[in-house]
Structure formats: structure tokens, C-alpha cells
$ cat upload_15.txt   # compact mmCIF, C-alpha atoms and all ligand atoms
# COMPACT_ATOMS: atom_id res chain seq x y z
CA MET A 1222 66.41 75.30 -45.54
CA HIS A 1223 63.17 76.89 -44.39
CA PHE A 1224 59.93 76.84 -46.36
CA TYR A 1225 57.04 79.02 -45.18
CA VAL A 1226 53.62 78.57 -46.72
CA MET A 1227 50.87 81.17 -46.46
CA THR A 1228 47.65 79.25 -47.00
CA LEU A 1229 44.02 78.77 -46.04
CA PHE A 1230 44.67 75.00 -45.73
CA PRO A 1231 47.77 74.50 -43.58
CA ASP A 1232 46.91 70.88 -42.70
CA MET A 1233 46.78 69.94 -46.36
CA VAL A 1234 50.29 71.23 -46.94
CA LEU A 1235 51.81 69.75 -43.79
CA SER A 1236 50.16 66.35 -43.99
CA GLY A 1237 50.97 66.03 -47.69
CA LEU A 1238 54.65 66.79 -47.24
CA ARG A 1239 54.95 64.71 -44.07
CA THR A 1240 53.73 61.63 -45.91
CA SER A 1241 56.75 61.33 -48.13
CA ILE A 1242 60.50 60.86 -48.25
CA LEU A 1243 60.75 64.54 -47.30
CA ALA A 1244 59.67 63.65 -43.75
CA ARG A 1245 63.15 62.21 -43.31
CA GLY A 1246 64.67 65.56 -44.29
CA MET A 1247 62.40 67.26 -41.76
CA ASP A 1248 63.32 64.78 -39.02
CA LYS A 1249 67.00 65.41 -39.77
CA GLU A 1250 66.25 69.16 -39.59
CA LEU A 1251 67.71 69.72 -43.03
CA ILE A 1252 64.41 71.20 -44.15
CA HIS A 1253 61.71 72.95 -42.16
CA VAL A 1254 58.20 73.48 -43.44
CA GLU A 1255 55.88 75.84 -41.63
CA ALA A 1256 52.34 76.52 -42.78
CA TYR A 1257 50.71 79.77 -41.69
CA ASN A 1258 46.95 80.07 -41.80
CA ILE A 1259 46.15 83.40 -43.48
CA ARG A 1260 42.77 83.38 -41.72
CA ASP A 1261 44.51 83.76 -38.34
CA TYR A 1262 45.72 87.19 -39.46
CA ALA A 1263 42.36 88.67 -40.49
CA ASP A 1264 41.65 91.78 -38.41
CA ASN A 1265 37.86 91.26 -38.34
CA LYS A 1266 36.00 89.20 -35.79
CA HIS A 1267 34.70 86.63 -38.30
CA ASN A 1268 38.18 85.92 -39.68
CA LYS A 1269 36.92 86.79 -43.13
CA VAL A 1270 39.67 86.90 -45.76
CA ASP A 1271 37.74 87.51 -48.99
CA ASP A 1272 35.43 90.12 -50.49
CA TYR A 1273 33.75 91.13 -53.75
CA THR A 1274 35.82 92.38 -56.68
CA TYR A 1275 35.71 96.09 -57.56
CA GLY A 1276 34.39 96.57 -61.08
CA GLY A 1277 32.12 93.55 -60.80
CA GLY A 1278 32.54 89.99 -62.02
CA ALA A 1279 31.91 86.60 -60.53
CA GLY A 1280 33.68 85.29 -57.44
CA MET A 1281 35.47 86.62 -54.44
CA LEU A 1282 38.97 87.94 -54.07
CA MET A 1283 41.42 87.39 -51.20
CA GLN A 1284 41.97 90.72 -49.45
CA ALA A 1285 45.31 92.40 -48.95
CA GLN A 1286 45.36 92.92 -45.17
CA PRO A 1287 45.37 89.32 -43.83
CA ILE A 1288 48.02 88.29 -46.35
CA TYR A 1289 50.23 91.25 -45.55
CA SER A 1290 49.94 90.68 -41.80
CA CYS A 1291 50.71 86.98 -42.25
CA TYR A 1292 53.75 87.87 -44.38
CA GLN A 1293 55.01 90.28 -41.72
CA ALA A 1294 54.68 87.62 -39.03
CA ILE A 1295 56.77 85.21 -41.12
CA LEU A 1296 59.33 87.89 -41.95
CA LYS A 1297 59.72 88.64 -38.25
CA VAL A 1298 60.44 84.98 -37.51
CA ILE A 1299 63.02 84.83 -40.32
CA LYS A 1300 64.70 88.10 -39.28
CA GLU A 1301 65.00 86.89 -35.70
CA ARG A 1302 67.07 84.02 -37.01
CA GLU A 1303 68.82 85.88 -39.84
CA PRO A 1304 68.65 89.67 -39.44
CA ASP A 1305 69.89 90.36 -43.00
CA ALA A 1306 67.59 87.87 -44.74
CA ASN A 1307 65.66 89.07 -47.76
CA PRO A 1308 63.52 86.04 -48.56
CA ARG A 1309 62.05 85.17 -51.91
CA VAL A 1310 58.24 85.33 -51.91
CA VAL A 1311 56.71 83.02 -54.50
CA TYR A 1312 53.09 83.56 -55.48
CA VAL A 1313 51.89 80.30 -57.00
CA THR A 1314 49.58 81.26 -59.81
CA PRO A 1315 48.68 80.05 -63.30
CA GLN A 1316 49.76 83.54 -64.41
CA GLY A 1317 53.41 82.89 -63.58
CA SER A 1318 56.51 81.57 -65.34
CA VAL A 1319 56.35 77.80 -65.64
CA PHE A 1320 58.32 75.96 -62.93
CA SER A 1321 61.28 73.89 -64.13
CA GLN A 1322 64.22 71.86 -62.80
CA GLY A 1323 66.40 74.92 -63.40
CA MET A 1324 64.15 77.04 -61.19
CA ALA A 1325 64.19 74.31 -58.53
CA ARG A 1326 68.01 74.45 -58.61
CA ASP A 1327 67.93 78.25 -58.20
CA PHE A 1328 65.43 78.12 -55.34
CA ALA A 1329 67.53 75.44 -53.60
CA LYS A 1330 70.33 78.01 -53.18
CA ASP A 1331 68.12 80.09 -50.84
CA ASP A 1332 67.89 79.58 -47.08
CA ASN A 1333 64.29 80.80 -46.83
CA ILE A 1334 61.41 80.74 -49.28
CA ILE A 1335 57.91 81.98 -48.61
CA PHE A 1336 55.08 80.58 -50.74
CA LEU A 1337 51.76 82.38 -51.09
CA CYS A 1338 48.82 80.16 -52.03
CA GLY A 1339 45.81 81.86 -53.59
CA HIS A 1340 42.17 80.82 -53.60
CA TYR A 1341 38.83 82.03 -54.93
CA GLU A 1342 39.29 84.31 -57.93
CA GLY A 1343 42.73 85.49 -56.86
CA ILE A 1344 44.35 88.07 -54.63
CA ASP A 1345 44.14 91.87 -54.40
CA GLU A 1346 46.90 93.09 -56.72
CA ARG A 1347 48.21 95.66 -54.24
CA VAL A 1348 49.53 93.13 -51.73
CA LEU A 1349 51.11 91.15 -54.55
CA GLU A 1350 52.94 94.29 -55.71
CA GLU A 1351 54.09 94.87 -52.16
CA ILE A 1352 55.51 91.46 -51.26
CA VAL A 1353 55.86 89.05 -54.21
CA THR A 1354 59.29 88.50 -55.82
CA ASP A 1355 58.41 85.57 -58.15
CA TYR A 1356 55.20 84.55 -59.93
CA VAL A 1357 55.36 80.83 -60.64
CA SER A 1358 52.93 78.35 -62.24
CA ILE A 1359 53.30 74.56 -62.33
CA GLY A 1360 51.73 74.27 -65.78
CA ASP A 1361 49.09 75.55 -68.13
CA TYR A 1362 46.00 74.34 -66.31
CA VAL A 1363 43.98 75.79 -63.46
CA LEU A 1364 43.72 74.17 -60.03
CA THR A 1365 41.38 75.15 -57.20
CA GLY A 1366 44.16 76.63 -55.11
CA GLY A 1367 47.87 77.14 -54.73
CA GLU A 1368 48.54 74.42 -52.14
CA LEU A 1369 49.24 71.56 -54.54
CA PRO A 1370 51.56 73.72 -56.69
CA ALA A 1371 53.39 74.94 -53.57
CA MET A 1372 53.80 71.32 -52.43
CA VAL A 1373 55.09 70.35 -55.87
CA MET A 1374 57.69 73.11 -55.75
CA ILE A 1375 58.72 72.36 -52.17
CA ASP A 1376 59.18 68.69 -53.06
CA ALA A 1377 61.29 69.51 -56.12
CA VAL A 1378 63.46 72.01 -54.21
CA ALA A 1379 63.79 70.05 -50.95
CA ARG A 1380 65.09 66.92 -52.66
CA LEU A 1381 68.02 68.99 -53.94
CA VAL A 1382 69.06 70.02 -50.43
CA PRO A 1383 72.20 68.00 -49.57
CA GLY A 1384 71.41 65.07 -47.27
CA VAL A 1385 67.65 65.00 -47.84
CA LEU A 1386 67.90 62.05 -50.20
CA ASN A 1387 70.30 59.30 -49.33
CA ASN A 1388 73.39 59.02 -51.53
CA GLU A 1389 72.03 56.25 -53.65
CA GLU A 1390 68.95 58.26 -54.54
CA SER A 1391 70.75 61.53 -55.16
CA ALA A 1392 73.65 60.08 -57.11
CA GLU A 1393 71.23 58.75 -59.70
CA THR A 1394 71.33 60.35 -63.11
CA GLU A 1395 67.95 61.82 -63.61
CA SER A 1396 65.69 63.22 -66.25
CA PHE A 1397 66.44 66.90 -66.85
CA ASP A 1398 69.80 66.73 -65.12
CA ASP A 1399 71.51 67.21 -68.45
CA GLY A 1400 68.45 68.28 -70.45
CA LEU A 1401 67.49 64.78 -71.61
CA LEU A 1402 64.84 62.38 -70.32
CA GLU A 1403 66.09 59.38 -68.42
CA TYR A 1404 66.76 56.06 -70.21
CA PRO A 1405 64.58 52.98 -69.48
CA GLN A 1406 65.54 50.93 -66.43
CA TYR A 1407 65.05 47.28 -65.44
CA SER A 1408 65.21 45.18 -62.29
CA ARG A 1409 64.78 41.49 -61.52
CA PRO A 1410 63.64 39.11 -62.94
CA GLU A 1411 65.63 38.91 -66.17
CA VAL A 1412 62.54 37.75 -68.05
CA TRP A 1413 59.06 38.99 -67.21
CA MET A 1414 55.97 38.22 -69.33
CA GLU A 1415 58.39 36.96 -71.99
CA LYS A 1416 60.13 40.35 -72.05
CA ARG A 1417 63.90 40.19 -71.62
CA VAL A 1418 66.10 42.79 -69.98
CA PRO A 1419 68.26 44.27 -72.80
CA PRO A 1420 71.36 42.02 -72.87
CA VAL A 1421 73.82 44.94 -72.81
CA LEU A 1422 72.71 45.70 -69.23
CA LEU A 1423 73.79 42.20 -68.17
CA SER A 1424 77.10 42.35 -70.08
CA GLY A 1425 79.16 44.13 -67.43
CA ASN A 1426 80.68 46.36 -70.14
CA HIS A 1427 80.27 49.84 -68.69
CA GLN A 1428 81.23 51.75 -71.80
CA ASN A 1429 78.62 49.85 -73.81
CA VAL A 1430 76.02 50.40 -71.10
CA ASP A 1431 76.72 54.16 -71.10
CA VAL A 1432 76.48 54.42 -74.88
CA TRP A 1433 73.26 52.37 -74.95
CA ARG A 1434 71.69 54.48 -72.18
CA PHE A 1435 72.69 57.73 -73.87
CA GLN A 1436 71.16 56.52 -77.14
CA LYS A 1437 67.91 55.52 -75.38
CA SER A 1438 67.79 58.93 -73.65
CA LEU A 1439 68.19 60.64 -77.01
CA GLU A 1440 65.49 58.49 -78.67
CA ARG A 1441 63.06 58.91 -75.79
CA THR A 1442 63.56 62.67 -75.61
CA LYS A 1443 63.19 63.05 -79.40
CA GLU A 1444 59.94 61.08 -79.36
CA ARG A 1445 58.30 62.44 -76.20
CA ARG A 1446 59.76 65.94 -75.87
CA PRO A 1447 60.97 67.06 -79.29
CA GLU A 1448 61.53 70.65 -78.11
CA LEU A 1449 63.92 69.42 -75.37
CA TYR A 1450 65.70 67.26 -77.92
CA ASP A 1451 66.26 70.17 -80.31
CA LYS A 1452 67.61 72.28 -77.46
CA TYR A 1453 69.97 69.51 -76.39
CA VAL A 1454 71.33 69.07 -79.93
CA GLU A 1455 71.85 72.82 -80.23
CA GLU A 1456 73.69 72.99 -76.90
CA HIS A 1457 75.85 69.88 -77.45
CA PRO A 1458 76.99 70.06 -81.11
CA GLU A 1459 80.13 68.03 -80.27
CA GLN A 1460 77.96 64.97 -79.66
CA PHE A 1461 76.38 65.15 -83.10
CA THR A 1462 79.39 65.51 -85.39
CA PRO A 1463 79.65 62.71 -88.02
CA LYS A 1464 82.66 61.37 -86.10
CA ALA A 1465 80.82 61.23 -82.74
CA ILE A 1466 77.75 59.61 -84.29
CA LYS A 1467 79.92 57.04 -86.11
CA LYS A 1468 81.72 56.19 -82.87
CA ARG A 1469 78.43 55.61 -81.05
CA ASN A 1470 76.99 53.61 -83.91
CA ARG A 1471 80.01 51.31 -84.02
CA ILE A 1472 79.36 50.38 -80.38
CA LEU A 1473 75.58 50.16 -80.82
CA ASP A 1474 76.00 47.84 -83.84
CA LYS A 1475 77.99 45.46 -81.63
CA ILE A 1476 75.35 45.42 -78.93
CA GLU A 1477 72.56 42.99 -79.61
CA ASP A 1478 69.21 44.51 -78.62
N1 LIG B 1501 46.88 77.93 -58.85
C1 LIG B 1501 45.90 77.40 -59.61
N2 LIG B 1501 46.40 76.78 -60.67
C2 LIG B 1501 47.74 76.87 -60.60
C3 LIG B 1501 48.84 76.42 -61.40
N3 LIG B 1501 48.65 75.74 -62.52
N4 LIG B 1501 50.08 76.72 -61.01
C4 LIG B 1501 50.29 77.43 -59.89
N5 LIG B 1501 49.31 77.89 -59.11
C5 LIG B 1501 48.05 77.61 -59.44
$ encode --input "upload_15.txt" --output "C-alpha cells"
Amino acid sequence: MHFYVMTLFPDMVLSGLRTSILARGMDKELIHVEAYNIRDYADNKHNKVDDYTYGGGAGMLMQAQPIYSCYQAILKVIKEREPDANPRVVYVTPQGSVFSQGMARDFAKDDNIIFLCGHYEGIDERVLEEIVTDYVSIGDYVLTGGELPAMVMIDAVARLVPGVLNNEESAETESFDDGLLEYPQYSRPEVWMEKRVPPVLLSGNHQNVDVWRFQKSLERTKERRPELYDKYVEEHPEQFTPKAIKKRNRILDKIED
């Protein structure tokens, strides 16, 4: 899978992503990350990429031309490899839909994704209209630029590409996989600062372990993310019938906590 990042800070993107488990995926050539410096595509001799905003107001705006030329250079590279490609172009912006695990799963189906990172007060709307397919935010707060959000999205998408994580890592049940937060986990020693590992986890009874973990996931989600909990209950009514709850409770009653 190929990720292309249009940015004013290519080193930030590349060094950040290289310093992680993703480097393994790059070495194995399962994922490719290329950062294009928008400044290299400015058609003025000072490589200027920003200018004042029409209508007044504080701050500078990134101009259309360097971004469009940069996009065309990337598109050319993609089309040389895949003539029929029609890549997604994600503008990372606080004015976008909020990124989620579901979106990461969707993006992971693509072979090519282009990210556009903004700076200053934003980008001339006309180039956005011309090239952007998706407007995506990583949350309701404002950062100084789009590089960190692009890196967040690349990390979340790349780890879903088969082979990037080793089997042990990818086989793990994870938060959001099924719409619930992950249950608490423990490793050695059995007792640490007088805190014991829950005995059920040492019992070797897999059915009990599964029921206990499911219950902890439910409790954790209800407490920390009530809106996710409500959605889960709505989407899985079969797990909340009196019979299903009674069955779980019978097992939980047997398990000493
Ligand atoms: N650029 C600045 N803040 C951002 C955010 N929260 N998400 C995506 N892009 C951004």
C-alpha cells in the first residue's frame, strides 16, 4: 500500500513513521510512505507557498498552485504504476469528519492514499474543490499543522495491512474491533504491590476467561465511553436478553474476583 503525503515538513513525517513498528512494514515493502515537499512545486523563485487572504483577516493562506502541481506530480507517479488508479485524497483538517477505526478499515482497502497537510490559516478553497475526496479530522482540537494527524491516520491504516504486524500482534482482540473497549490485561508477576492478577486468568478455564473479559469490556465501555456502550447494546440485543444475562451471571458468580 502506498501513502503519499503533501507537506511542508517531509522530514517530520518520514522520521516519525520510521521510528516505529511501521518501519518493519516499510522494510518488507508492504507499505511505502513518500513525503512530497509542497515548497518544491512553487513556481516562484523564492519558493513561496502562502499569501494574504482575500477579504482580510489575520494570517496567511496556502496558495492553490504549489499544492496542485505537487498533486499532479504524485498522480503521475501513481498512474505510471497503475494507469487506472483514482486515488483518495485526504485533506487533514479540523473541519472534517472525525477519524475512526471504521474509516481506517475503509482506507486500508485502497492501494494508494494521498494526504494533504495544511498549515497557516488553511488552504485556498479552489484547490481543495479540485482535488480533495475526503475531509478528515483526528478530533475536536486544533493543531499547528496536518502532519501529526496524517501520521496518526497512516499508523492506524498501515497496521491493518496484512503482514505489517506479526501474527501475535494482529490476532489480538482489540478495542473497537467489536465496538467495545478492551478488557484489562496482566502479565508477570502474579502479585505486584500487593495487587493480585484476577484468579480467573490463572484458572485455565477458557470459557470463564472469555465471560470475565467480556464483562470487563462491557463495564469499562459503559464507564468510560457510555455512547459506545449504548450503541453496542442496541446493535447486539441478543447479548442482553434476560436469558443471556442470567447465563453470564451464573458463570461470573462462580468466579472469585
Ligand atoms: N489540522 C489541525 N488540527 C487538526 C485536527 N484536529 N485534525 C486534522 N487536521 C488538523
$ residues_near_point --input "upload_15.txt" --point "(43.5, 90.5, -54.5)" --cutoff "10 Å" --atoms "all atoms listed in the file" --output "NGL selection string"
:A and (1271-1274 or 1281-1286 or 1288 or 1339-1349)
$ closest_residue --input "upload_15.txt" --among "A:Ser1358, A:Gln1436, A:Asn1387, A:Gln1316" --to "ligand LIG 1501 (chain B)" --atoms "all atoms listed in the file"
A:Ser1358
$ closest_atom_pairs --input "upload_15.txt" --of "chain A" --to "ligand LIG 1501 (chain B)" --cutoff "8 Å" --atoms "only C-alpha atoms and all ligand atoms" --output "CSV"
residue,atom,partner,partner_atom,distance
A:Tyr1312,CA,B:LIG1501,N5,7.7
A:Val1313,CA,B:LIG1501,N5,4.1
A:Thr1314,CA,B:LIG1501,N5,3.5
A:Pro1315,CA,B:LIG1501,C3,4.1
A:Gln1316,CA,B:LIG1501,C4,7.6
A:Gly1317,CA,B:LIG1501,C4,7.3
A:Val1319,CA,B:LIG1501,N4,7.9
A:Cys1338,CA,B:LIG1501,N1,7.4
A:Gly1339,CA,B:LIG1501,N1,6.7
A:His1340,CA,B:LIG1501,N1,7.6
A:Val1357,CA,B:LIG1501,C4,6.2
A:Ser1358,CA,B:LIG1501,N4,3.5
A:Ile1359,CA,B:LIG1501,N4,4.1
A:Gly1360,CA,B:LIG1501,N3,4.7
A:Asp1361,CA,B:LIG1501,N3,5.6
A:Tyr1362,CA,B:LIG1501,N3,4.8
A:Val1363,CA,B:LIG1501,N2,3.8
A:Leu1364,CA,B:LIG1501,N2,3.8
A:Thr1365,CA,B:LIG1501,C1,5.6
A:Gly1366,CA,B:LIG1501,N1,4.8
A:Gly1367,CA,B:LIG1501,N1,4.3
A:Glu1368,CA,B:LIG1501,N1,7.8
A:Leu1369,CA,B:LIG1501,N5,7.8
A:Pro1370,CA,B:LIG1501,C4,5.1
A:Ala1371,CA,B:LIG1501,C4,7.5
$ closest_residue --input "upload_15.txt" --among "A:Ile1252, A:Met1372, A:Glu1477, A:Lys1269" --to "Val1234 (chain A)" --atoms "all atoms listed in the file"
A:Met1372
$ residues_around --input "upload_15.txt" --residues "Tyr1289 (chain A)" --least-positions-apart "6" --cutoff "9 Å" --atoms "only C-alpha atoms" --output "PDB file with C-alpha atoms, keeping the file's coordinate frame"
ATOM      1  CA  TYR A1262      45.720  87.190 -39.460  1.00  0.00           C
ATOM      2  CA  VAL A1348      49.530  93.130 -51.730  1.00  0.00           C
ATOM      3  CA  GLU A1351      54.090  94.870 -52.160  1.00  0.00           C
ATOM      4  CA  ILE A1352      55.510  91.460 -51.260  1.00  0.00           C
TER       5      ILE A1352
END
$ closest_atom_pairs --input "upload_15.txt" --of "region 1362-1446 of chain A" --to "region 1320-1329 of chain A" --cutoff "7 Å" --atoms "only C-alpha atoms" --output "tab-separated table"
residue	atom	partner	partner_atom	distance
A:Ala1377	CA	A:Ala1325	CA	6.1
A:Val1378	CA	A:Ala1325	CA	4.9
A:Leu1381	CA	A:Ala1329	CA	6.5
A:Val1382	CA	A:Ala1329	CA	6.5
A:Phe1397	CA	A:Gln1322	CA	6.8
$ atom_distance --input "upload_15.txt" --atom1 "CA of Tyr1356 (chain A)" --atom2 "CA of Thr1240 (chain A)"
26.9 Å
$ closest_residue --input "upload_15.txt" --among "A:Lys1467, A:His1267, A:Asp1399, A:Arg1417" --to "Tyr1450 (chain A)" --atoms "all atoms listed in the file"
A:Asp1399
$ axis_aligned_box --input "upload_15.txt" --around "region 1441-1452 of chain A" --padding-each-side "3 Å" --output "JSON"
{"center_x": 63.0, "center_y": 65.6, "center_z": -77.8, "size_x": 15.3, "size_y": 19.4, "size_z": 10.9}
$ closest_residue --input "upload_15.txt" --among "A:Asp1431, A:Glu1415, A:Asp1376, A:Glu1440" --to "Gly1246 (chain A)" --atoms "all atoms listed in the file"
A:Asp1376
$ closest_residue --input "upload_15.txt" --among "A:Arg1309, A:Ser1318, A:Thr1228, A:Arg1434" --to "Lys1330 (chain A)" --atoms "all atoms listed in the file"
A:Arg1309
$ closest_residue --input "upload_15.txt" --among "A:Asp1398, A:Glu1459, A:Asp1451, A:Glu1255" --to "Ile1299 (chain A)" --atoms "only C-alpha atoms"
A:Glu1255
$ residues_around --input "upload_15.txt" --residues "Asn1307 (chain A)" --least-positions-apart "4" --cutoff "10 Å" --atoms "all atoms listed in the file" --output "NGL selection string"
:A and (1296 or 1299-1300 or 1303 or 1331-1334)
$ atom_distance --input "upload_15.txt" --atom1 "CA of Pro1231 (chain A)" --atom2 "CA of Phe1336 (chain A)"
11.9 Å
$ atom_distance --input "upload_15.txt" --atom1 "CA of Pro1419 (chain A)" --atom2 "CA of Lys1468 (chain A)"
20.6 Å
$ decode --input "upload_15.txt" --residues "region 1459-1476 of chain A" --atoms "N, CA, C and O atoms" --output "tab-separated table (two decimals), in the first residue's frame"
chain	number	residue	atom	x	y	z
A	1459	GLU	N	-29.22	-9.58	21.35
A	1459	GLU	CA	-29.21	-10.98	21.77
A	1459	GLU	C	-28.31	-11.21	22.99
A	1459	GLU	O	-28.48	-12.19	23.71
A	1460	GLN	N	-27.36	-10.29	23.20
A	1460	GLN	CA	-26.48	-10.48	24.36
A	1460	GLN	C	-27.04	-9.86	25.65
A	1460	GLN	O	-26.42	-9.94	26.70
A	1461	PHE	N	-28.20	-9.23	25.52
A	1461	PHE	CA	-28.76	-8.55	26.70
A	1461	PHE	C	-30.18	-9.04	27.02
A	1461	PHE	O	-30.92	-8.39	27.73
A	1462	THR	N	-30.55	-10.19	26.49
A	1462	THR	CA	-31.84	-10.78	26.88
A	1462	THR	C	-31.68	-11.28	28.31
A	1462	THR	O	-30.56	-11.60	28.75
A	1463	PRO	N	-32.79	-11.40	29.08
A	1463	PRO	CA	-32.69	-11.90	30.46
A	1463	PRO	C	-31.96	-13.24	30.51
A	1463	PRO	O	-31.15	-13.48	31.40
A	1464	LYS	N	-32.20	-14.09	29.47
A	1464	LYS	CA	-31.57	-15.42	29.47
A	1464	LYS	C	-30.04	-15.29	29.32
A	1464	LYS	O	-29.28	-15.95	30.03
A	1465	ALA	N	-29.60	-14.43	28.40
A	1465	ALA	CA	-28.16	-14.27	28.16
A	1465	ALA	C	-27.47	-13.68	29.39
A	1465	ALA	O	-26.37	-14.11	29.77
A	1466	ILE	N	-28.14	-12.69	30.00
A	1466	ILE	CA	-27.54	-12.06	31.18
A	1466	ILE	C	-27.44	-13.07	32.33
A	1466	ILE	O	-26.41	-13.16	33.01
A	1467	LYS	N	-28.51	-13.89	32.49
A	1467	LYS	CA	-28.53	-14.89	33.56
A	1467	LYS	C	-27.39	-15.90	33.36
A	1467	LYS	O	-26.69	-16.26	34.30
A	1468	LYS	N	-27.20	-16.30	32.11
A	1468	LYS	CA	-26.15	-17.28	31.79
A	1468	LYS	C	-24.77	-16.72	32.15
A	1468	LYS	O	-23.93	-17.39	32.75
A	1469	ARG	N	-24.55	-15.46	31.80
A	1469	ARG	CA	-23.25	-14.84	32.14
A	1469	ARG	C	-23.09	-14.72	33.64
A	1469	ARG	O	-22.03	-15.02	34.19
A	1470	ASN	N	-24.18	-14.28	34.30
A	1470	ASN	CA	-24.08	-14.07	35.74
A	1470	ASN	C	-23.80	-15.36	36.51
A	1470	ASN	O	-23.10	-15.35	37.52
A	1471	ARG	N	-24.37	-16.46	35.99
A	1471	ARG	CA	-24.12	-17.76	36.66
A	1471	ARG	C	-22.62	-18.06	36.65
A	1471	ARG	O	-22.06	-18.49	37.65
A	1472	ILE	N	-21.98	-17.79	35.52
A	1472	ILE	CA	-20.53	-18.05	35.43
A	1472	ILE	C	-19.76	-17.04	36.29
A	1472	ILE	O	-18.86	-17.40	37.04
A	1473	LEU	N	-20.17	-15.77	36.20
A	1473	LEU	CA	-19.44	-14.73	36.96
A	1473	LEU	C	-19.54	-14.97	38.46
A	1473	LEU	O	-18.58	-14.72	39.20
A	1474	ASP	N	-20.70	-15.48	38.91
A	1474	ASP	CA	-20.89	-15.75	40.35
A	1474	ASP	C	-19.91	-16.81	40.83
A	1474	ASP	O	-19.48	-16.81	42.00
A	1475	LYS	N	-19.59	-17.73	39.92
A	1475	LYS	CA	-18.68	-18.84	40.29
A	1475	LYS	C	-17.22	-18.38	40.36
A	1475	LYS	O	-16.39	-18.98	41.01
A	1476	ILE	N	-16.94	-17.32	39.60
A	1476	ILE	CA	-15.56	-16.85	39.51
A	1476	ILE	C	-15.26	-15.94	40.69
A	1476	ILE	O	-15.93	-14.95	40.87
